[in-house]
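Here the structure is laid out as structure tokens; the discussion comes afterwards.
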Amino acid sequence: MSAAPPSPRRVVRWAAVLLLAGAAASLAATHIVPFSVLLPEAERVYLLGSFNDWNISDDALMTNDHGVWRKTLSLEKGEHAYKFKAEGARIAGDGWRLDWKATRENRSEPASFHSVLVVPDDLKTFRARQRGAQETSRGIEIPLFYDLHPSNNASFRPSGYFICPLETAPPAGEWKLPALTDDQPLFTTVPLGDSTVLAVLDRHPADARFYNRVYFDRNGNRDLTDDPPINGDTDSPGQRYFYCAFPPVDLEIEAGGRRMPYRLTMQAGGNLPAQDPSARYDPEQLSKLHFFTSPQCAYLGEAMVDGVGYRFAIGDTMANGSFGDIARLNPDIQYPNQQLYAEGDSFYLSTDARVGPADGLLLGNFLAVGHRLFAVHLDVPGGKLTLEPRTENVGALETPATVDSMALLAASGDQGLMLRRVAGKVAIPSGTWRLLDYRIEKTDEWGDTWSLQSSGTENTPALAVPDRETVPLAIGEPLRTVVKISDDALRQAAAGRPLKMDLAIFGNANEIVDGVRHTSGTQTQHKMSTRRSDRPGEAIYRIIKPDGERITSGSFEYG
């Protein structure tokens, strides 16, 4: 006996159930994704990508939230390419902008650069990066997000390095070491956050000509037997010089009593002690080798300051996992012309789509930007940067030009001041300050723009800035030139070799001028270099006898 056919009502009911199940399955396969981009200068911003066929339409238009443009999409699982299209009279270039908060990007083809989001793999990190800055009673609180440098790094990323001294024996203390192949392994320690990590250089196999393996105590337990060996790629640019680069290492370090992620790379290089492949280094020959670590991570954030959108990056230039080393003078380094040399981590501040090398400042305790002065409170382990308005114990500098960037160091040596894109009367903490470096912009009489970059010297006068008083900042022009000829150059000239002369340019405060560049415009009447299109013409020299007879003449060369 055959079964009775279903009633029409039952068919309709089952069809509805299947339809609802299909809809539920469709909803379950999508994920809510918030997008945002800081573009206060834009009049319209579109979110375009593979999810809407890159079609500019009202559906792709983002919503303006006080300079932060936002849009939420429901995206299916998979890889999605996207970028932003900004429009408006103040938008530079073609308006296309990548998402600097994206965890991935594609830069294989310049014509199709785009950001990449993989759903759902990237969602947790991506959503965390959408957190915006907030105005609080303390100031502007800026969330910082951890950013890894991509392996195919086509764009600028903050970095640094730490040179690790090598020894033929492990440091004092109890260490559990793995079975090593080389009969002369090398040992070094790497400071990371609150701890010091041991690294051991080895060769594998034993007859390898150079160190191509490293053991790294990434968990800091003084036991390297539970850390797998890291094998590197060795290159030999010369017959006796070898170089080995090791792949990135991801670990957690403790800083300020809190755990934080960190990525670094290690590199080794140096000359072999002899042509014999079996030769090994004497302890005094270790100066022929170098081993250094380099961070492959940074912390990023963004905020509005007086209607201007800024992007921030904190770089671990000292490569010690701190991200908070304030600039300090290094008395052990002597530079030509008594140039001041400071060491510290880097603080990047940009109004462009992403930060670049020209946006970097030596990290300081204070920041003058636009028309405001802030005390800088950096809590990298806590993922937060706070800019606290500073209104007490404040004086001012009167700048002779637009200051694109400047670093000052307190005479006491324990505080640093960063200035970025300021002009005219600029508020700074009262006290005595030393000039470390600056880059200023000036317009010539024909309307073209020039950039002057300089560094302070031992002969640059300190700036005493009393409370509530304004002090002129006497830097830049007038410039003076100094030609120097070393004793060694004179000896070589006496032996019949060409005479080498060095030209130095000093500014109004005895600062050494590192570079003069033409940055915009086409109307200048200044003579330009025939070799460097953005530089002024090379300086001319004449050598004459005391009676005025000319011996020779010529021009200096850049570099």
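Order determines the names: the first chain of the structure tokens is A, the second B, and so forth; residues in each chain are numbered 1 upward, and ligands are numbered 1 upward as they are shown.
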Kindly assemble as a tab-separated table a list of the range 246-349 of chain A residues that lie within 9 Å of range 213-216 of chain A, each paired with its nearest atom pair and their distance in Å to one decimal, using only C-alpha atoms, sorted first by chain and then by ascending residue number.
residue	atom	partner	partner_atom	distance
A:Phe246	CA	A:Arg213	CA	8.1
A:Val249	CA	A:Phe216	CA	8.9
A:Met266	CA	A:Val214	CA	8.8
Distance query Asn221 in chain A at most 12 Å, only C-alpha atoms, self and fewer than 3 positions along chain excluded, as a PyMOL selection string: chain A and resi 174-177+195-198+216-218+224-227+253
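Ranking A:Glu252, A:Glu458, A:Glu392, A:Glu87 by their shortest atom-to-atom distance to Arg434 in chain A, with only C-alpha atoms included, puts A:Glu458 first.
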Pick from A:Tyr146, A:Lys83, A:Glu549, A:Gly78, whichever lies nearest to Val45 in chain A using only C-alpha atoms: A:Lys83
All residues 12 Å or closer to Thr72 in chain A, only C-alpha atoms, same chain fewer than 5 positions away omitted, as number ranges by chain: A: 31-36, 47, 59-63, 127, 130
With 9 Å as the cut-off and only C-alpha atoms counted, what is the closest atom pair between each nearby residue of range 63-169 of chain A and range 302-307 of chain A? Distances in Å to one decimal, ordered by chain and number, as JSON lines.
{"residue": "A:His66", "atom": "CA", "partner": "A:Gly307", "partner_atom": "CA", "distance": 8.5}
{"residue": "A:Gly67", "atom": "CA", "partner": "A:Gly307", "partner_atom": "CA", "distance": 7.7}
{"residue": "A:Val68", "atom": "CA", "partner": "A:Met304", "partner_atom": "CA", "distance": 8.8}
{"residue": "A:Gly132", "atom": "CA", "partner": "A:Ala303", "partner_atom": "CA", "distance": 7.2}
{"residue": "A:Ala133", "atom": "CA", "partner": "A:Ala303", "partner_atom": "CA", "distance": 5.5}
{"residue": "A:Gln134", "atom": "CA", "partner": "A:Ala303", "partner_atom": "CA", "distance": 8.2}
{"residue": "A:Ile140", "atom": "CA", "partner": "A:Ala303", "partner_atom": "CA", "distance": 8.0}
{"residue": "A:Glu141", "atom": "CA", "partner": "A:Ala303", "partner_atom": "CA", "distance": 8.5}
{"residue": "A:Ile142", "atom": "CA", "partner": "A:Ala303", "partner_atom": "CA", "distance": 6.5}
{"residue": "A:Pro143", "atom": "CA", "partner": "A:Glu302", "partner_atom": "CA", "distance": 7.8}
{"residue": "A:Leu144", "atom": "CA", "partner": "A:Glu302", "partner_atom": "CA", "distance": 8.1}
Write a file of the just-selected residues containing all heavy atoms, as an mmCIF file, in the first residue's frame.
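Printed below is out15.cif as written:
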data_model
loop_
_atom_site.group_PDB
_atom_site.id
_atom_site.type_symbol
_atom_site.label_atom_id
_atom_site.label_comp_id
_atom_site.auth_asym_id
_atom_site.auth_seq_id
_atom_site.Cartn_x
_atom_site.Cartn_y
_atom_site.Cartn_z
ATOM 1 N N HIS A 66 32.027 63.353 13.693
ATOM 2 C CA HIS A 66 33.031 64.305 14.171
ATOM 3 C C HIS A 66 34.416 64.022 13.580
ATOM 4 O O HIS A 66 35.422 63.982 14.293
ATOM 5 C CB HIS A 66 33.100 64.290 15.693
ATOM 6 C CG HIS A 66 31.830 64.675 16.364
ATOM 7 N ND1 HIS A 66 30.871 63.750 16.736
ATOM 8 C CD2 HIS A 66 31.326 65.888 16.718
ATOM 9 C CE1 HIS A 66 29.854 64.366 17.305
ATOM 10 N NE2 HIS A 66 30.106 65.664 17.298
ATOM 11 N N GLY A 67 34.453 63.839 12.268
ATOM 12 C CA GLY A 67 35.716 63.616 11.586
ATOM 13 C C GLY A 67 36.085 62.170 11.403
ATOM 14 O O GLY A 67 36.984 61.854 10.622
ATOM 15 N N VAL A 68 35.426 61.270 12.128
ATOM 16 C CA VAL A 68 35.635 59.830 11.957
ATOM 17 C C VAL A 68 34.474 59.289 11.118
ATOM 18 O O VAL A 68 33.308 59.396 11.509
ATOM 19 C CB VAL A 68 35.691 59.097 13.306
ATOM 20 C CG1 VAL A 68 35.895 57.598 13.098
ATOM 21 C CG2 VAL A 68 36.804 59.666 14.178
ATOM 22 N N GLY A 132 37.875 54.224 19.324
ATOM 23 C CA GLY A 132 38.272 55.605 19.083
ATOM 24 C C GLY A 132 38.758 56.306 20.336
ATOM 25 O O GLY A 132 38.535 55.854 21.463
ATOM 26 N N ALA A 133 39.446 57.430 20.139
ATOM 27 C CA ALA A 133 39.918 58.239 21.259
ATOM 28 C C ALA A 133 38.741 58.908 21.955
ATOM 29 O O ALA A 133 37.689 59.139 21.348
ATOM 30 C CB ALA A 133 40.914 59.276 20.762
ATOM 31 N N GLN A 134 38.938 59.237 23.225
ATOM 32 C CA GLN A 134 37.886 59.864 24.018
ATOM 33 C C GLN A 134 38.437 61.065 24.772
ATOM 34 O O GLN A 134 39.582 61.056 25.222
ATOM 35 C CB GLN A 134 37.291 58.869 25.023
ATOM 36 C CG GLN A 134 36.554 57.699 24.394
ATOM 37 C CD GLN A 134 35.952 56.786 25.448
ATOM 38 O OE1 GLN A 134 36.281 56.887 26.627
ATOM 39 N NE2 GLN A 134 35.064 55.897 25.031
ATOM 40 N N ILE A 140 42.931 63.709 26.440
ATOM 41 C CA ILE A 140 42.566 62.876 25.301
ATOM 42 C C ILE A 140 43.160 61.485 25.522
ATOM 43 O O ILE A 140 44.386 61.330 25.572
ATOM 44 C CB ILE A 140 43.087 63.471 23.981
ATOM 45 C CG1 ILE A 140 42.603 64.910 23.803
ATOM 46 C CG2 ILE A 140 42.634 62.609 22.803
ATOM 47 C CD1 ILE A 140 43.213 65.608 22.596
ATOM 48 N N GLU A 141 42.303 60.492 25.681
ATOM 49 C CA GLU A 141 42.755 59.118 25.869
ATOM 50 C C GLU A 141 42.676 58.382 24.535
ATOM 51 O O GLU A 141 41.600 58.260 23.938
ATOM 52 C CB GLU A 141 41.926 58.407 26.924
ATOM 53 C CG GLU A 141 42.167 58.951 28.332
ATOM 54 C CD GLU A 141 41.587 58.057 29.406
ATOM 55 O OE1 GLU A 141 40.891 57.077 29.050
ATOM 56 O OE2 GLU A 141 41.835 58.333 30.602
ATOM 57 N N ILE A 142 43.827 57.909 24.081
ATOM 58 C CA ILE A 142 43.947 57.306 22.750
ATOM 59 C C ILE A 142 44.252 55.819 22.905
ATOM 60 O O ILE A 142 45.327 55.458 23.407
ATOM 61 C CB ILE A 142 45.078 57.991 21.953
ATOM 62 C CG1 ILE A 142 44.847 59.505 21.901
ATOM 63 C CG2 ILE A 142 45.189 57.399 20.549
ATOM 64 C CD1 ILE A 142 46.054 60.286 21.445
ATOM 65 N N PRO A 143 43.346 54.937 22.507
ATOM 66 C CA PRO A 143 43.657 53.502 22.544
ATOM 67 C C PRO A 143 44.788 53.187 21.567
ATOM 68 O O PRO A 143 44.834 53.703 20.455
ATOM 69 C CB PRO A 143 42.344 52.840 22.104
ATOM 70 C CG PRO A 143 41.289 53.881 22.275
ATOM 71 C CD PRO A 143 41.979 55.189 22.045
ATOM 72 N N LEU A 144 45.708 52.350 21.991
ATOM 73 C CA LEU A 144 46.804 51.905 21.142
ATOM 74 C C LEU A 144 46.583 50.448 20.777
ATOM 75 O O LEU A 144 46.178 49.649 21.619
ATOM 76 C CB LEU A 144 48.147 52.042 21.868
ATOM 77 C CG LEU A 144 48.562 53.448 22.279
ATOM 78 C CD1 LEU A 144 49.860 53.398 23.086
ATOM 79 C CD2 LEU A 144 48.736 54.352 21.064
#
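Taking only C-alpha atoms into account, Trp100 in chain A lies nearest to A:Ala353 out of the set A:Ala208, A:Ala353, A:Ala199, A:Ala327.
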